[in-house]
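Asks: Quick one, entry20.txt (compact mmCIF, C-alpha atoms):
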```txt
# COMPACT_ATOMS: atom_id res chain seq x y z
CA MET A 24 175.38 -32.55 170.24
CA ASN A 25 175.84 -28.98 171.42
CA ASN A 26 173.88 -28.51 174.66
CA LYS A 27 174.72 -24.85 175.15
CA ARG A 28 171.89 -22.36 175.35
CA PRO A 29 171.35 -20.41 172.09
CA PHE A 30 172.27 -16.99 173.41
CA PRO A 31 172.36 -14.18 170.87
CA ASP A 32 175.76 -13.13 169.55
CA SER A 33 178.15 -12.23 172.37
CA TYR A 34 175.86 -13.21 175.26
CA GLY A 35 177.22 -16.72 175.71
CA LEU A 36 176.29 -18.72 178.79
CA SER A 37 178.44 -21.65 179.83
CA PRO A 38 176.62 -24.75 181.13
CA SER A 39 178.08 -24.18 184.61
CA LYS A 40 176.49 -20.74 184.73
CA LYS A 41 173.07 -21.82 183.53
CA PRO A 42 170.48 -20.95 186.22
CA ARG A 43 168.72 -23.90 187.79
CA GLN A 44 165.09 -24.19 186.76
CA MET A 45 162.78 -23.81 189.72
CA ALA A 46 159.09 -24.21 190.25
CA PRO A 47 157.15 -21.12 189.25
CA LEU A 48 156.43 -18.85 192.18
CA LEU A 49 153.05 -18.08 190.65
CA PRO A 50 150.50 -20.42 189.09
CA PRO A 51 150.66 -20.48 185.29
CA PRO A 52 148.46 -17.86 183.67
CA SER A 53 145.34 -19.14 181.96
CA ARG A 54 146.64 -17.63 178.71
CA PRO A 55 150.43 -17.95 178.29
CA PHE A 56 152.20 -14.91 176.94
CA GLN A 57 153.56 -16.78 173.90
CA PHE A 58 156.35 -14.22 173.85
CA SER A 59 158.99 -14.45 171.16
CA PRO A 60 162.40 -13.29 172.46
CA SER A 61 163.55 -12.42 168.97
CA ARG A 62 160.76 -10.05 168.04
CA PRO A 63 162.28 -6.79 166.76
CA LEU A 64 162.19 -3.40 168.35
CA HIS A 65 159.39 -1.36 166.84
CA CYS A 66 161.21 1.93 166.74
CA ASP A 67 162.35 4.29 164.02
CA THR A 68 166.14 4.12 164.02
CA ASP A 69 168.28 6.74 162.34
CA ARG A 70 165.25 9.03 162.17
CA LYS A 71 165.83 12.18 160.11
CA TYR A 72 163.02 14.26 161.67
CA PRO A 73 161.36 15.92 158.68
CA TYR A 74 160.62 19.50 159.59
CA PRO A 75 158.24 21.32 157.22
CA PHE A 76 157.65 24.36 159.44
CA THR A 77 158.60 27.86 158.40
CA THR A 78 161.47 29.30 160.40
CA VAL A 79 160.73 32.40 162.49
CA PRO A 80 163.84 34.65 162.39
CA GLU A 81 163.90 35.54 166.09
CA TRP A 82 163.80 31.84 167.10
CA GLU A 83 165.78 30.42 164.18
CA ASN A 84 168.96 29.81 166.18
CA LEU A 85 167.04 28.06 168.95
CA THR A 86 165.17 25.89 166.45
CA GLN A 87 168.45 24.85 164.84
CA THR A 88 169.97 24.12 168.26
CA ILE A 89 167.09 21.80 169.16
CA GLN A 90 167.24 20.03 165.80
CA LYS A 91 171.01 19.56 166.08
CA HIS A 92 170.66 18.26 169.63
CA THR A 93 168.15 15.65 168.48
CA GLN A 94 170.15 14.52 165.48
CA GLN A 95 173.32 14.08 167.54
CA ARG A 96 171.75 12.11 170.37
CA HIS A 97 168.89 10.05 168.99
CA HIS A 98 169.02 6.27 169.11
CA THR A 99 171.11 4.61 166.45
CA SER A 100 170.32 1.21 164.97
CA ASP A 101 173.42 -0.26 166.65
CA ASN A 102 172.37 1.00 170.08
CA LEU A 103 168.87 -0.40 169.70
CA ARG A 104 170.20 -3.72 168.44
CA GLN A 105 172.44 -4.01 171.52
CA LYS A 106 169.44 -3.43 173.77
CA GLN A 107 167.44 -6.02 171.86
CA LEU A 108 170.21 -8.62 172.17
CA LEU A 109 170.52 -8.02 175.90
CA THR A 110 166.74 -8.29 176.34
CA ASN A 111 166.68 -11.57 174.44
CA ALA A 112 169.46 -12.99 176.62
CA LEU A 113 167.66 -11.99 179.82
CA PHE A 114 164.45 -13.56 178.55
CA VAL A 115 166.17 -16.92 178.04
CA VAL A 116 167.20 -16.87 181.71
CA ALA A 117 163.89 -15.52 183.04
CA LYS A 118 161.77 -18.17 181.38
CA ASP A 119 163.73 -20.89 183.22
CA ILE A 120 162.34 -19.40 186.43
CA PHE A 121 158.96 -18.20 185.16
CA PRO A 122 158.06 -20.51 182.24
CA HIS A 123 155.03 -18.46 181.19
CA CYS A 124 156.65 -15.04 181.34
CA GLY A 125 157.05 -12.31 178.76
CA ILE A 126 159.58 -9.49 178.77
CA PHE A 127 158.86 -6.06 177.32
CA ILE A 128 161.11 -3.11 176.57
CA VAL A 129 159.43 0.02 177.92
CA GLY A 130 160.23 3.68 178.40
CA SER A 131 162.47 5.92 176.34
CA SER A 132 164.15 3.07 174.44
CA LEU A 133 160.87 2.56 172.60
CA ASN A 134 158.65 5.61 173.04
CA GLY A 135 160.63 7.83 170.67
CA PHE A 136 161.99 10.18 173.34
CA GLY A 137 165.22 8.37 174.14
CA SER A 138 168.85 8.83 173.17
CA ASN A 139 171.96 6.72 172.88
CA SER A 140 172.61 7.38 176.57
CA SER A 141 169.15 6.24 177.69
CA ASP A 142 168.92 3.38 180.16
CA LEU A 143 167.09 0.19 179.24
CA ASP A 144 163.80 -0.19 181.11
CA LEU A 145 162.24 -3.66 181.11
CA CYS A 146 158.95 -5.08 182.37
CA LEU A 147 158.80 -8.80 183.11
CA MET A 148 155.21 -10.02 182.95
CA VAL A 149 154.69 -13.26 184.91
CA SER A 150 150.93 -13.18 185.33
CA HIS A 151 147.84 -11.57 183.85
CA GLU A 152 146.69 -10.83 187.39
CA GLU A 153 147.76 -7.63 189.10
CA LEU A 154 150.50 -8.12 191.69
CA ASP A 155 150.89 -6.27 194.95
CA GLN A 156 154.15 -4.47 194.22
CA ARG A 157 155.01 -4.18 197.90
CA THR A 158 154.42 -7.76 199.03
CA GLU A 159 154.55 -9.96 195.92
CA ALA A 160 156.92 -8.36 193.43
CA THR A 161 159.97 -8.21 195.71
CA PRO A 162 160.22 -12.00 196.35
CA LEU A 163 159.94 -12.62 192.61
CA LEU A 164 162.71 -10.10 191.88
CA ASN A 165 164.84 -11.80 194.54
CA ALA A 166 164.48 -15.10 192.69
CA LEU A 167 165.54 -13.38 189.49
CA LEU A 168 168.45 -11.69 191.27
CA LYS A 169 169.86 -15.09 192.32
CA ALA A 170 169.81 -16.28 188.72
CA PHE A 171 171.19 -13.05 187.26
CA ARG A 172 174.14 -13.11 189.68
CA LYS A 173 175.42 -16.19 187.83
CA LEU A 174 175.56 -14.35 184.52
CA THR A 175 179.05 -13.18 183.63
CA PHE A 176 177.77 -10.42 181.33
CA LEU A 177 175.97 -8.59 184.16
CA ARG A 178 177.46 -6.49 186.95
CA ASP A 179 176.40 -4.14 189.76
CA LEU A 180 173.16 -5.97 190.51
CA THR A 181 170.96 -4.23 193.08
CA LEU A 182 167.39 -4.76 194.24
CA ILE A 183 165.80 -1.37 194.85
CA ARG A 184 162.76 -1.47 197.13
CA ALA A 185 160.32 1.25 196.13
CA LYS A 186 156.61 1.65 195.41
CA VAL A 187 157.42 -0.30 192.24
CA PRO A 188 160.54 -2.32 193.18
CA ILE A 189 163.15 -2.78 190.46
CA LEU A 190 166.20 -4.91 189.79
CA ARG A 191 169.01 -2.66 188.55
CA PHE A 192 172.15 -3.91 186.81
CA LYS A 193 174.64 -3.12 184.04
CA ASP A 194 175.64 -4.99 180.91
CA ARG A 195 179.41 -5.58 180.89
CA PHE A 196 179.59 -5.50 177.08
CA SER A 197 177.82 -2.22 176.39
CA SER A 198 177.69 -0.57 179.87
CA ILE A 199 173.94 -0.11 179.36
CA GLU A 200 172.21 0.29 182.71
CA CYS A 201 168.97 -1.65 183.09
CA ASP A 202 165.98 -1.32 185.39
CA LEU A 203 163.66 -4.32 185.43
CA ASN A 204 160.27 -4.44 187.16
CA ILE A 205 157.69 -7.19 187.44
CA ASN A 206 154.12 -6.90 186.18
CA ASN A 207 154.01 -3.12 186.04
CA SER A 208 151.91 -3.25 182.89
CA ILE A 209 151.19 0.50 183.02
CA GLY A 210 154.70 0.99 181.66
CA ILE A 211 153.82 -1.06 178.57
CA ARG A 212 150.66 0.96 178.00
CA ASN A 213 152.24 4.38 178.41
CA THR A 214 155.18 3.41 176.19
CA HIS A 215 152.60 2.59 173.50
CA LEU A 216 150.81 5.91 174.04
CA LEU A 217 153.93 8.09 174.07
CA SER A 218 155.25 6.33 170.99
CA ALA A 219 152.05 7.27 169.16
CA TYR A 220 152.38 10.90 170.25
CA ALA A 221 156.01 10.94 169.09
CA ARG A 222 154.94 9.75 165.64
CA SER A 223 151.95 12.08 165.37
CA ASP A 224 153.96 15.26 164.78
CA PRO A 225 157.68 15.69 163.90
CA ARG A 226 158.09 18.38 166.58
CA VAL A 227 157.06 16.24 169.55
CA ALA A 228 160.15 14.06 170.04
CA PRO A 229 162.76 16.81 169.52
CA LEU A 230 160.89 19.10 171.93
CA VAL A 231 160.61 16.41 174.63
CA GLN A 232 164.27 15.50 174.24
CA PHE A 233 165.39 19.12 174.54
CA VAL A 234 163.16 19.81 177.55
CA LYS A 235 164.70 16.77 179.26
CA PHE A 236 168.18 18.02 178.33
CA TRP A 237 167.42 21.47 179.78
CA ALA A 238 165.91 20.00 182.96
CA LYS A 239 168.83 17.62 183.47
CA SER A 240 171.31 20.48 183.01
CA GLN A 241 169.49 22.34 185.80
CA ASN A 242 169.31 19.26 188.08
CA ILE A 243 165.52 19.09 188.13
CA ASN A 244 165.16 15.80 186.19
CA ASP A 245 165.69 13.07 188.79
CA ALA A 246 162.79 11.53 190.69
CA SER A 247 165.21 9.87 193.14
CA THR A 248 166.23 13.34 194.40
CA GLY A 249 162.65 14.60 194.62
CA THR A 250 162.56 16.40 191.29
CA ILE A 251 160.71 15.59 188.04
CA SER A 252 161.01 12.23 186.29
CA SER A 253 161.61 11.99 182.55
CA TYR A 254 158.16 10.45 182.14
CA SER A 255 156.54 13.42 183.88
CA LEU A 256 158.51 15.88 181.74
CA SER A 257 157.28 14.06 178.63
CA LEU A 258 153.68 14.37 179.83
CA MET A 259 154.23 18.06 180.61
CA VAL A 260 155.36 18.67 177.03
CA ILE A 261 152.42 16.73 175.57
CA HIS A 262 150.02 18.59 177.87
CA TYR A 263 151.47 21.92 176.72
CA LEU A 264 151.10 20.91 173.07
CA GLN A 265 147.48 19.92 173.73
CA CYS A 266 146.26 23.00 175.54
CA GLY A 267 149.11 25.43 176.22
CA CYS A 268 149.75 26.57 172.67
CA SER A 269 147.27 28.09 170.24
CA PRO A 270 145.99 26.46 168.18
CA PRO A 271 146.63 23.08 169.85
CA ALA A 272 149.40 21.01 168.29
CA LEU A 273 148.15 17.65 169.59
CA PRO A 274 144.78 16.02 170.31
CA SER A 275 144.02 13.46 173.02
CA LEU A 276 144.80 10.12 171.40
CA GLN A 277 142.93 8.32 174.18
CA ALA A 278 139.79 10.29 173.37
CA GLU A 279 140.25 9.84 169.61
CA TYR A 280 141.08 6.10 169.74
CA PRO A 281 139.68 4.56 172.96
CA ALA A 282 139.80 1.03 171.53
CA ILE A 283 143.57 1.31 171.01
CA PHE A 284 144.63 3.29 174.09
CA ASN A 285 142.90 2.01 177.22
CA ALA A 286 143.72 0.48 180.58
CA VAL A 287 142.13 -2.95 179.98
CA GLN A 288 143.54 -4.19 176.67
CA ASP A 289 145.67 -7.33 176.88
CA VAL A 290 149.25 -6.05 176.77
CA ARG A 291 150.21 -8.89 174.38
CA LEU A 292 147.98 -7.29 171.75
CA ILE A 293 149.56 -3.85 171.98
CA ASN A 294 151.26 -2.94 168.72
CA LEU A 295 153.65 -0.01 168.63
CA ASP A 296 153.22 0.08 164.87
CA ASN A 297 149.53 1.00 165.00
CA LYS A 298 148.82 3.03 161.88
CA LEU A 299 146.61 5.85 163.10
CA PRO A 300 144.86 8.21 160.71
CA SER A 301 147.16 11.11 159.95
CA PHE A 302 146.75 14.14 162.17
CA SER A 303 147.54 17.52 160.68
CA SER A 304 147.76 20.25 163.28
CA PRO A 305 146.83 23.81 162.34
CA ASN A 306 149.61 24.91 164.69
CA ARG A 307 152.72 25.85 162.67
CA ASP A 308 154.99 27.05 165.50
CA THR A 309 158.66 26.20 165.18
CA LEU A 310 160.61 24.22 167.76
CA GLY A 311 162.16 27.43 169.09
CA GLU A 312 158.75 29.05 169.54
CA LEU A 313 157.38 25.93 171.20
CA PHE A 314 160.26 25.63 173.69
CA HIS A 315 159.87 29.30 174.60
CA GLY A 316 156.11 28.77 174.88
CA PHE A 317 156.61 25.72 177.10
CA LEU A 318 158.64 27.76 179.59
CA ASN A 319 156.16 30.66 179.41
CA TYR A 320 153.20 28.34 180.02
CA PHE A 321 154.61 26.80 183.18
CA ALA A 322 156.22 30.03 184.42
CA ASN A 323 153.26 32.36 183.95
CA ARG A 324 150.06 30.61 182.95
CA PHE A 325 149.76 27.25 184.68
CA ASN A 326 148.60 27.45 188.31
CA PHE A 327 150.42 24.70 190.21
CA GLU A 328 148.35 25.40 193.35
CA THR A 329 144.97 24.64 191.79
CA ASP A 330 145.57 22.87 188.46
CA ALA A 331 146.48 19.36 187.35
CA MET A 332 147.54 18.22 183.89
CA SER A 333 145.52 15.57 182.08
CA VAL A 334 146.93 14.24 178.82
CA ARG A 335 144.04 11.77 178.80
CA LEU A 336 141.52 14.62 178.55
CA ALA A 337 143.83 17.10 176.80
CA LYS A 338 143.07 19.84 179.29
CA ARG A 339 143.83 21.40 182.64
CA VAL A 340 141.65 19.99 185.38
CA ASP A 341 140.99 21.02 188.95
CA LYS A 342 143.43 19.39 191.38
CA THR A 343 140.63 18.36 193.74
CA ALA A 344 138.91 16.47 190.91
CA VAL A 345 141.91 14.24 190.17
CA MET A 346 142.57 13.73 193.89
CA ASN A 347 139.16 12.11 194.31
CA GLN A 348 139.09 9.91 191.19
CA ASN A 349 140.28 6.78 192.99
CA PRO A 350 141.28 7.65 196.56
CA GLN A 351 141.69 4.01 197.63
CA ARG A 352 144.28 3.27 194.96
CA ASN A 353 145.73 6.77 194.66
CA PRO A 354 145.62 8.45 198.08
CA PRO A 355 145.04 12.22 198.06
CA GLY A 356 148.37 12.77 199.84
CA GLN A 357 150.29 12.11 196.62
CA TRP A 358 148.79 15.20 194.96
CA LYS A 359 151.03 17.95 196.30
CA TYR A 360 153.10 20.47 194.36
CA ILE A 361 153.09 19.22 190.75
CA CYS A 362 150.05 17.24 189.64
CA ILE A 363 150.19 15.18 186.44
CA GLU A 364 147.53 12.55 185.89
CA GLU A 365 148.93 9.21 184.70
CA PRO A 366 146.88 8.49 181.56
CA PHE A 367 145.94 4.92 182.57
CA ASP A 368 145.98 4.35 186.33
CA LEU A 369 145.15 8.03 187.11
CA SER A 370 147.85 8.38 189.78
CA ASN A 371 150.14 11.41 190.07
CA THR A 372 153.29 10.80 188.03
CA ALA A 373 154.98 13.78 189.73
CA ARG A 374 154.44 12.55 193.29
CA SER A 375 158.25 12.41 193.64
CA VAL A 376 158.13 16.21 194.10
CA PHE A 377 156.98 16.08 197.74
CA ASP A 378 159.28 18.66 199.35
CA GLY A 379 158.24 22.31 199.32
CA LEU A 380 161.78 23.65 199.10
CA VAL A 381 162.57 21.39 196.13
CA PHE A 382 159.39 22.57 194.39
CA GLN A 383 160.41 26.19 194.98
CA ARG A 384 163.76 25.48 193.32
CA ILE A 385 162.02 23.83 190.33
CA SER A 386 159.67 26.81 190.05
CA ARG A 387 162.60 29.25 190.24
CA VAL A 388 164.46 27.40 187.47
CA ILE A 389 161.39 27.52 185.21
CA HIS A 390 160.77 31.23 185.84
CA ARG A 391 164.41 32.28 185.41
CA SER A 392 164.82 30.13 182.30
CA TRP A 393 161.80 31.76 180.70
CA SER A 394 162.91 35.25 181.72
CA ILE A 395 166.44 34.83 180.33
CA LEU A 396 165.28 33.20 177.09
CA ASN A 397 162.52 35.74 176.62
CA SER A 398 164.85 38.73 176.98
CA THR A 399 168.02 37.41 175.32
CA HIS A 400 166.96 34.51 173.07
CA ASN A 401 170.19 32.89 174.30
CA VAL A 402 169.50 29.27 175.18
CA ASP A 403 173.11 28.57 176.14
CA ARG A 404 172.72 30.52 179.38
CA ILE A 405 169.85 28.37 180.63
CA ILE A 406 171.71 25.19 179.69
CA THR A 407 175.18 25.98 181.04
CA GLU A 408 174.55 28.29 183.99
CA PRO A 409 172.93 27.09 187.25
CA LEU A 410 169.79 29.13 187.88
```
Can the structure from this file be put into C-alpha cells for me?
Replies:
Amino acid sequence: MNNKRPFPDSYGLSPSKKPRQMAPLLPPPSRPFQFSPSRPLHCDTDRKYPYPFTTVPEWENLTQTIQKHTQQRHHTSDNLRQKQLLTNALFVVAKDIFPHCGIFIVGSSLNGFGSNSSDLDLCLMVSHEELDQRTEATPLLNALLKAFRKLTFLRDLTLIRAKVPILRFKDRFSSIECDLNINNSIGIRNTHLLSAYARSDPRVAPLVQFVKFWAKSQNINDASTGTISSYSLSLMVIHYLQCGCSPPALPSLQAEYPAIFNAVQDVRLINLDNKLPSFSSPNRDTLGELFHGFLNYFANRFNFETDAMSVRLAKRVDKTAVMNQNPQRNPPGQWKYICIEEPFDLSNTARSVFDGLVFQRISRVIHRSWSILNSTHNVDRIITEPL
C-alpha cells in the first residue's frame, strides 16, 4: 500500500518530511469549514477584455497602450493553475495542524486586478470567531512555520509581525511569493467585492492594472515604505468611477446587493461566481479618458485634507465622519493624509501613508503626472521618468 500523501502533481512530500500532527491550538469550530482543497479558482483566465467603447482620437494612443498592457500581463491559465496546486499542497499540511481549517486565495490572484507577476495571498481560516491579530495569530503562524520549514518545495520562510501578521515564503518550483495570514476574513470579503466590480464593466480591470503600473513605476505603490498599497489604489479607481467621472461608471454594489456584500455573511458561502443583474453604465468614456480623468480628479478635485473615499457609499464623505464611525476598533489616529474607507470593517486602508513628506511626494507625483499627460498626451513620460 502506498502511504504517501496525495500531493498534487509536482508537490511531492516524502514520509520523512510529513509534519507531525499536533493538537489544535484552538477548539474546533461549531461548524467545520468543510473545505475542499481541490475546488477550482473562480477567475476568468485568458480574458480578452471586450471593449465596445468608441475611441476618442486625442486619447486613442493611450487607450491602446492600456489595452496592450492588460493583454500582455493578465493572468494566464497556467499561472493560475500553479497557484491552485500550491494552495492545495499547503492545505494538506495545514489541516494536519488545524483539522478544521479552510484556506482561501485572496487578493489580486482572484479579484481580477492581478497579473502573472502577482504574489499569492492566502487566508487560513481556523475559527469562526475573530482572533486578536496581535496576541493570537502570531503563535498560530509560528506553529505553521515549523511545519512549513520541513517542506522541500518552500524557501525563504519569514514571519512578519505587523497589525495583521503574515507568513511569507516562496515556492521553489514557480518562484511565486506567498503571504499567508490567519483569520483575516476581511480579505475574503473584499476579494469577493472587487471581483464583482471587475466583472461589472470591461474598463475596470484594465484601468486598475494600469494605475497600479503607473504608481509602481513612480515608487508610490508599496505600503511597506509608507506609500499606497495595491488594494488602496484599486479602491481609489473604483471610487473615481463611482463619483469622479460624469456620468458615474459604477454603482455601489454594497448598496445595490446588501444580502450578497456584507460584513456578517459566513465566508464559506461567498461565491465569486455570483451572477448579478447586468449593469449598463451611461458613461462611455474610453480607457485613455478615464486614466486622464483619474489623475485630474486626485490632482485637482479631491480634497485630501477634508475628504475621505467611500466605495461602500459611492461618494466622498467628510473625514471627521469616518474617523468617528468606530473609534474603539479604528482609532482616529489612523486617518491622516489619505483616507479610504475599507468597505467592510470601515478602517482606513491607506493608513500606511503616515509620513507628511511621503504624502507630499505622492501628491507631487499625481499633480505632475496629470500636468504632463494633460499637456502632451504622452504617457511614456509619466511611466519612465521619475517625477
Asks: Quote the spacing between atom CA of A:Lys239 and atom CA of A:Leu203 in Å to one decimal place.
Replies: 22.6 Å
Asks: Rounded to one decimal, what separation in Å do you get between atom CA of A:Glu83 and atom CA of A:Ser304?
Replies: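 Distance reported for this atom pair: 20.7 Å.
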Asks: Can you pull out every residue within 9 Å of stretch 132-138 of chain A, counting only C-alpha atoms, but drop anything in the same chain fewer than 2 positions away, and send it as number ranges by chain?
Replies: A: 64-67, 93, 95-99, 103, 106, 128-130, 140-144, 213-222, 227-229, 231-232, 257, 295
Asks: What is the distance between atom CA of A:Asn242 and atom CA of A:Arg335, in Å to one decimal?
Replies: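 Atom-to-atom, atom CA of A:Asn242 to atom CA of A:Arg335, that is 27.9 Å.
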Asks: Determine the nearest neighbour of A:Tyr263 from the options A:Arg195, A:Ala282, A:Ser301, A:Ala337, counting all atoms listed in the file.
Replies: A:Ala337
Asks: Go through A:Arg307, A:Asn244, A:Thr250, A:Ala238 and flag the residue nearest A:Thr407, using all atoms listed in the file for the distances.
Replies: A:Ala238
Asks: Fewer than 6 positions away in the same chain doesn't count, so skip those; otherwise give me all residues within 9 Å of A:Gln90, counting all atoms listed in the file, as a list in words.
Replies: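 Surrounding residues, per the criterion: Tyr72, Pro229, Leu230, Phe233 and Leu310 of chain A.
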Asks: Counting all atoms listed in the file, which of A:Phe176, A:Tyr320, A:Phe377, A:Tyr280 gets nearest to A:Ser247?
Replies: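 Checking each candidate against A:Ser247, we get A:Phe377 as the closest.
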Asks: Show me, as a list of chain:residue names, the residues that have an atom within 10 Å of A:Ile385 when counting all atoms listed in the file, minus same-chain residues fewer than 2 positions from it.
Replies: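 Non-adjacent residues within range: A:Ala238, A:Gln241, A:Asn242, A:Ile243, A:Asn244, A:Thr250, A:Ile251, A:Val376, A:Gly379, A:Leu380, A:Val381, A:Phe382, A:Gln383, A:Arg387, A:Val388, A:Ile389, A:His390, A:Leu410.
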Asks: Quick one: of A:Lys338, A:Lys193, A:His151, A:Lys298, who's nearest to A:Thr175, counting only C-alpha atoms?
Replies: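 Nearest to A:Thr175: A:Lys193.
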Asks: Which residue out of A:Ser198, A:Ser131, A:Asn204, A:Ser253 has the minimum interatomic distance to A:Leu145 when only C-alpha atoms are used?
Replies: A:Asn204
Asks: Between A:Asn206, A:Thr329, A:Asn371, A:Asn165, which one has atoms that come closest to A:Gln348, using only C-alpha atoms?
Replies: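 Closest residue, counting only C-alpha atoms: A:Asn371.
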